[in-house]
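Peer 1: So here's entry_28.txt (compact mmCIF, C-alpha atoms).
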# COMPACT_ATOMS: atom_id res chain seq x y z
CA MET A 1232 -4.06 -18.87 0.97
CA GLU A 1233 -0.79 -17.16 1.84
CA GLU A 1234 -0.03 -20.02 4.24
CA LEU A 1235 -0.20 -22.49 1.36
CA GLN A 1236 2.27 -20.49 -0.70
CA GLN A 1237 4.74 -20.70 2.17
CA ASP A 1238 4.46 -24.51 2.26
CA PRO A 1239 7.55 -26.05 0.65
CA TYR A 1240 5.47 -28.95 -0.69
CA ILE A 1241 3.08 -26.55 -2.44
CA ARG A 1242 6.00 -24.58 -3.88
CA LEU A 1243 7.50 -27.82 -5.21
CA ILE A 1244 4.17 -28.83 -6.75
CA GLU A 1245 3.96 -25.42 -8.44
CA GLN A 1246 7.46 -25.93 -9.84
CA LEU A 1247 6.47 -29.35 -11.16
CA LEU A 1248 3.44 -27.91 -12.91
CA GLN A 1249 5.47 -25.08 -14.46
CA CYS A 1250 8.48 -27.05 -15.63
CA PRO A 1251 8.77 -28.30 -19.22
CA ASN A 1252 7.28 -31.73 -19.84
CA GLY A 1253 9.78 -34.45 -18.97
CA GLN A 1254 11.83 -32.35 -16.55
CA GLU A 1255 9.85 -33.37 -13.47
CA PRO A 1256 12.58 -35.79 -12.29
CA GLU A 1257 15.14 -32.97 -12.28
CA VAL A 1258 12.79 -30.75 -10.27
CA LEU A 1259 12.24 -33.53 -7.75
CA ASP A 1260 15.96 -34.37 -7.55
CA ALA A 1261 16.65 -30.76 -6.58
CA HIS A 1262 14.53 -31.21 -3.42
CA PRO A 1263 15.44 -34.56 -1.87
CA GLU A 1264 14.37 -33.39 1.59
CA LEU A 1265 10.76 -33.14 0.37
CA LEU A 1266 10.53 -36.54 -1.32
CA ASN A 1267 8.38 -38.49 1.12
CA ALA A 1268 4.89 -39.83 1.74
CA ASP A 1269 3.65 -36.37 2.76
CA LEU A 1270 4.52 -34.99 -0.67
CA VAL A 1271 2.76 -37.87 -2.41
CA GLN A 1272 -0.36 -37.33 -0.29
CA ILE A 1273 -0.41 -33.58 -0.90
CA MET A 1274 0.12 -34.10 -4.64
CA VAL A 1275 -2.90 -36.41 -4.77
CA GLN A 1276 -5.00 -33.90 -2.79
CA VAL A 1277 -3.99 -31.04 -5.09
CA ALA A 1278 -4.64 -33.20 -8.16
CA SER A 1279 -8.10 -33.99 -6.84
CA GLY A 1280 -8.76 -30.29 -6.44
CA PHE A 1281 -7.63 -29.64 -10.01
CA ALA A 1282 -9.83 -32.45 -11.31
CA HIS A 1283 -12.87 -30.97 -9.56
CA ASN A 1284 -12.08 -27.47 -10.81
CA ASP A 1285 -11.82 -28.16 -14.53
CA ASN A 1286 -8.06 -28.51 -14.78
CA PRO A 1287 -7.70 -32.15 -15.85
CA ASP A 1288 -4.27 -31.66 -17.44
CA ALA A 1289 -2.68 -30.47 -14.20
CA ALA A 1290 -4.47 -33.25 -12.32
CA ARG A 1291 -3.09 -35.88 -14.73
CA VAL A 1292 0.46 -34.56 -14.41
CA LEU A 1293 0.33 -34.58 -10.62
CA VAL A 1294 -1.22 -38.05 -10.41
CA HIS A 1295 1.43 -39.42 -12.76
CA VAL A 1296 4.31 -37.83 -10.84
CA ALA A 1297 2.80 -38.88 -7.49
CA ARG A 1298 2.45 -42.46 -8.70
CA GLU A 1299 6.04 -42.61 -9.95
CA LEU A 1300 7.36 -41.03 -6.76
CA ALA A 1301 5.33 -43.45 -4.63
CA LYS A 1302 6.85 -46.37 -6.55
CA GLN A 1303 10.37 -45.01 -6.00
CA LEU A 1304 9.69 -44.52 -2.29
CA GLY A 1305 8.20 -47.99 -1.90
CA LEU A 1306 4.79 -46.53 -1.01
CA TYR A 1307 2.84 -47.66 -4.05
CA SER A 1308 1.20 -50.65 -2.36
CA ARG A 1309 -0.24 -48.28 0.28
CA MET A 1310 -1.86 -45.98 -2.26
CA GLY A 1311 -5.42 -46.97 -3.01
Represent the structure of the file as structure tokens.

Peer 2:
Amino acid sequence: MEELQQDPYIRLIEQLLQCPNGQEPEVLDAHPELLNADLVQIMVQVASGFAHNDNPDAARVLVHVARELAKQLGLYSRMG
């Protein structure tokens, strides 16, 4: 689990989940080097884990942010 905490994508996801509602764009803008398809994929995977572990609110937030980010990155058509 320590490996995951060292992952910059996981740290960014944690920041997104802890920030006040509506400030997600500012959190993302602070980390432009991480805004890519890998982040979107990891966000969806983490959201799936939350959904299966009785944390639907966190799952909803991550899915929403992942979807918006995918649109901005031009990846939305590739997401199923």

Peer 1: Taking all atoms listed in the file into account, name the residue in A:Cys1250, A:Leu1300, A:Leu1265, A:Ile1241 that is nearest to Val1277 in chain A.

Peer 2: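 Closest to Val1277 in chain A, using all atoms listed in the file: A:Ile1241.
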
Peer 1: Record the distance separating CA of Asn1284 in chain A and CA of Glu1257 in chain A, expressed in Å with one decimal.

Peer 2: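 CA of Glu1257 in chain A lies at a distance of 27.8 Å from CA of Asn1284 in chain A.
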
Peer 1: Which of these, A:Glu1299, A:Asp1238, A:Asp1288, A:Asp1269, has the shortest distance to Glu1255 in chain A once you count all atoms listed in the file?

Peer 2: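 Of A:Glu1299, A:Asp1238, A:Asp1288, A:Asp1269, the one nearest Glu1255 in chain A, counting all atoms listed in the file, is A:Glu1299.
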
Peer 1: Do you have the CA of Ala1268 in chain A-CA of Ala1289 in chain A distance handy?

Peer 2: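 Atom-to-atom, CA of Ala1268 in chain A to CA of Ala1289 in chain A, that is 20.0 Å.
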
Peer 1: Got a sec: who's within 7 Å of Tyr1240 in chain A, counting all atoms listed in the file, leaving out chain neighbours fewer than 3 positions off, as a ChimeraX atom specification?

Peer 2: /A:1243-1244,1265,1270

Peer 1: For C-alpha atoms, I'd like the residues from the last selection saved as a JSON list (two decimals), in the frame of the given file.

Peer 2:
[["chain", "number", "residue", "atom", "x", "y", "z"],
["A", 1243, "LEU", "CA", 7.50, -27.82, -5.21],
["A", 1244, "ILE", "CA", 4.17, -28.83, -6.75],
["A", 1265, "LEU", "CA", 10.76, -33.14, 0.37],
["A", 1270, "LEU", "CA", 4.52, -34.99, -0.67]]

Peer 1: Can you work out which one of A:Leu1304, A:Ala1278, A:Ala1261, A:Val1292 has the shortest atom-to-atom distance to Gln1249 in chain A, counting all atoms listed in the file?

Peer 2: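 Closest to Gln1249 in chain A of all the choices is A:Val1292.
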
Peer 1: Can you measure CA of Pro1287 in chain A to CA of Val1275 in chain A for me? One decimal in Å is fine.

Peer 2: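 The value is 12.8 Å.
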
Peer 1: Under the rule that only C-alpha atoms are counted, which of A:Ala1282, A:Met1274, A:Leu1306, A:His1262 is the nearest residue to Leu1248 in chain A?

Peer 2: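 Looking at the shortest contact to Leu1248 in chain A, the residue is A:Met1274.
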
Peer 1: May I have the residues within 10 Å of Pro1256 in chain A as a PyMOL selection string, using only C-alpha atoms and disregarding those fewer than 2 positions away in the same chain?

Peer 2: chain A and resi 1247+1253-1254+1258-1261+1296+1299-1300

Peer 1: Output as a PDB file, in the coordinates of the input: range 1239-1251 of chain A, completed with N, CA and C atoms.

Peer 2:
ATOM      1  N   PRO A1239       6.561 -25.592   1.633  1.00  0.00           N
ATOM      2  CA  PRO A1239       7.550 -26.050   0.650  1.00  0.00           C
ATOM      3  C   PRO A1239       6.997 -27.128  -0.287  1.00  0.00           C
ATOM      4  N   TYR A1240       6.067 -27.934   0.182  1.00  0.00           N
ATOM      5  CA  TYR A1240       5.470 -28.950  -0.690  1.00  0.00           C
ATOM      6  C   TYR A1240       4.652 -28.281  -1.795  1.00  0.00           C
ATOM      7  N   ILE A1241       3.894 -27.261  -1.445  1.00  0.00           N
ATOM      8  CA  ILE A1241       3.080 -26.550  -2.440  1.00  0.00           C
ATOM      9  C   ILE A1241       3.980 -25.844  -3.443  1.00  0.00           C
ATOM     10  N   ARG A1242       5.063 -25.246  -2.964  1.00  0.00           N
ATOM     11  CA  ARG A1242       6.000 -24.580  -3.880  1.00  0.00           C
ATOM     12  C   ARG A1242       6.605 -25.602  -4.843  1.00  0.00           C
ATOM     13  N   LEU A1243       6.942 -26.783  -4.350  1.00  0.00           N
ATOM     14  CA  LEU A1243       7.500 -27.820  -5.210  1.00  0.00           C
ATOM     15  C   LEU A1243       6.468 -28.276  -6.244  1.00  0.00           C
ATOM     16  N   ILE A1244       5.229 -28.440  -5.825  1.00  0.00           N
ATOM     17  CA  ILE A1244       4.170 -28.830  -6.750  1.00  0.00           C
ATOM     18  C   ILE A1244       3.999 -27.764  -7.830  1.00  0.00           C
ATOM     19  N   GLU A1245       4.050 -26.510  -7.459  1.00  0.00           N
ATOM     20  CA  GLU A1245       3.960 -25.420  -8.440  1.00  0.00           C
ATOM     21  C   GLU A1245       5.104 -25.504  -9.440  1.00  0.00           C
ATOM     22  N   GLN A1246       6.313 -25.793  -8.943  1.00  0.00           N
ATOM     23  CA  GLN A1246       7.460 -25.930  -9.840  1.00  0.00           C
ATOM     24  C   GLN A1246       7.261 -27.096 -10.807  1.00  0.00           C
ATOM     25  N   LEU A1247       6.725 -28.193 -10.304  1.00  0.00           N
ATOM     26  CA  LEU A1247       6.470 -29.350 -11.160  1.00  0.00           C
ATOM     27  C   LEU A1247       5.482 -29.015 -12.271  1.00  0.00           C
ATOM     28  N   LEU A1248       4.458 -28.257 -11.930  1.00  0.00           N
ATOM     29  CA  LEU A1248       3.440 -27.910 -12.910  1.00  0.00           C
ATOM     30  C   LEU A1248       3.951 -26.888 -13.936  1.00  0.00           C
ATOM     31  N   GLN A1249       4.955 -26.118 -13.567  1.00  0.00           N
ATOM     32  CA  GLN A1249       5.470 -25.080 -14.460  1.00  0.00           C
ATOM     33  C   GLN A1249       6.665 -25.529 -15.283  1.00  0.00           C
ATOM     34  N   CYS A1250       7.288 -26.622 -14.909  1.00  0.00           N
ATOM     35  CA  CYS A1250       8.480 -27.050 -15.630  1.00  0.00           C
ATOM     36  C   CYS A1250       8.100 -27.665 -16.976  1.00  0.00           C
ATOM     37  N   PRO A1251       9.042 -27.655 -17.932  1.00  0.00           N
ATOM     38  CA  PRO A1251       8.770 -28.300 -19.220  1.00  0.00           C
ATOM     39  C   PRO A1251       8.506 -29.791 -19.049  1.00  0.00           C
TER      40      PRO A1251
END
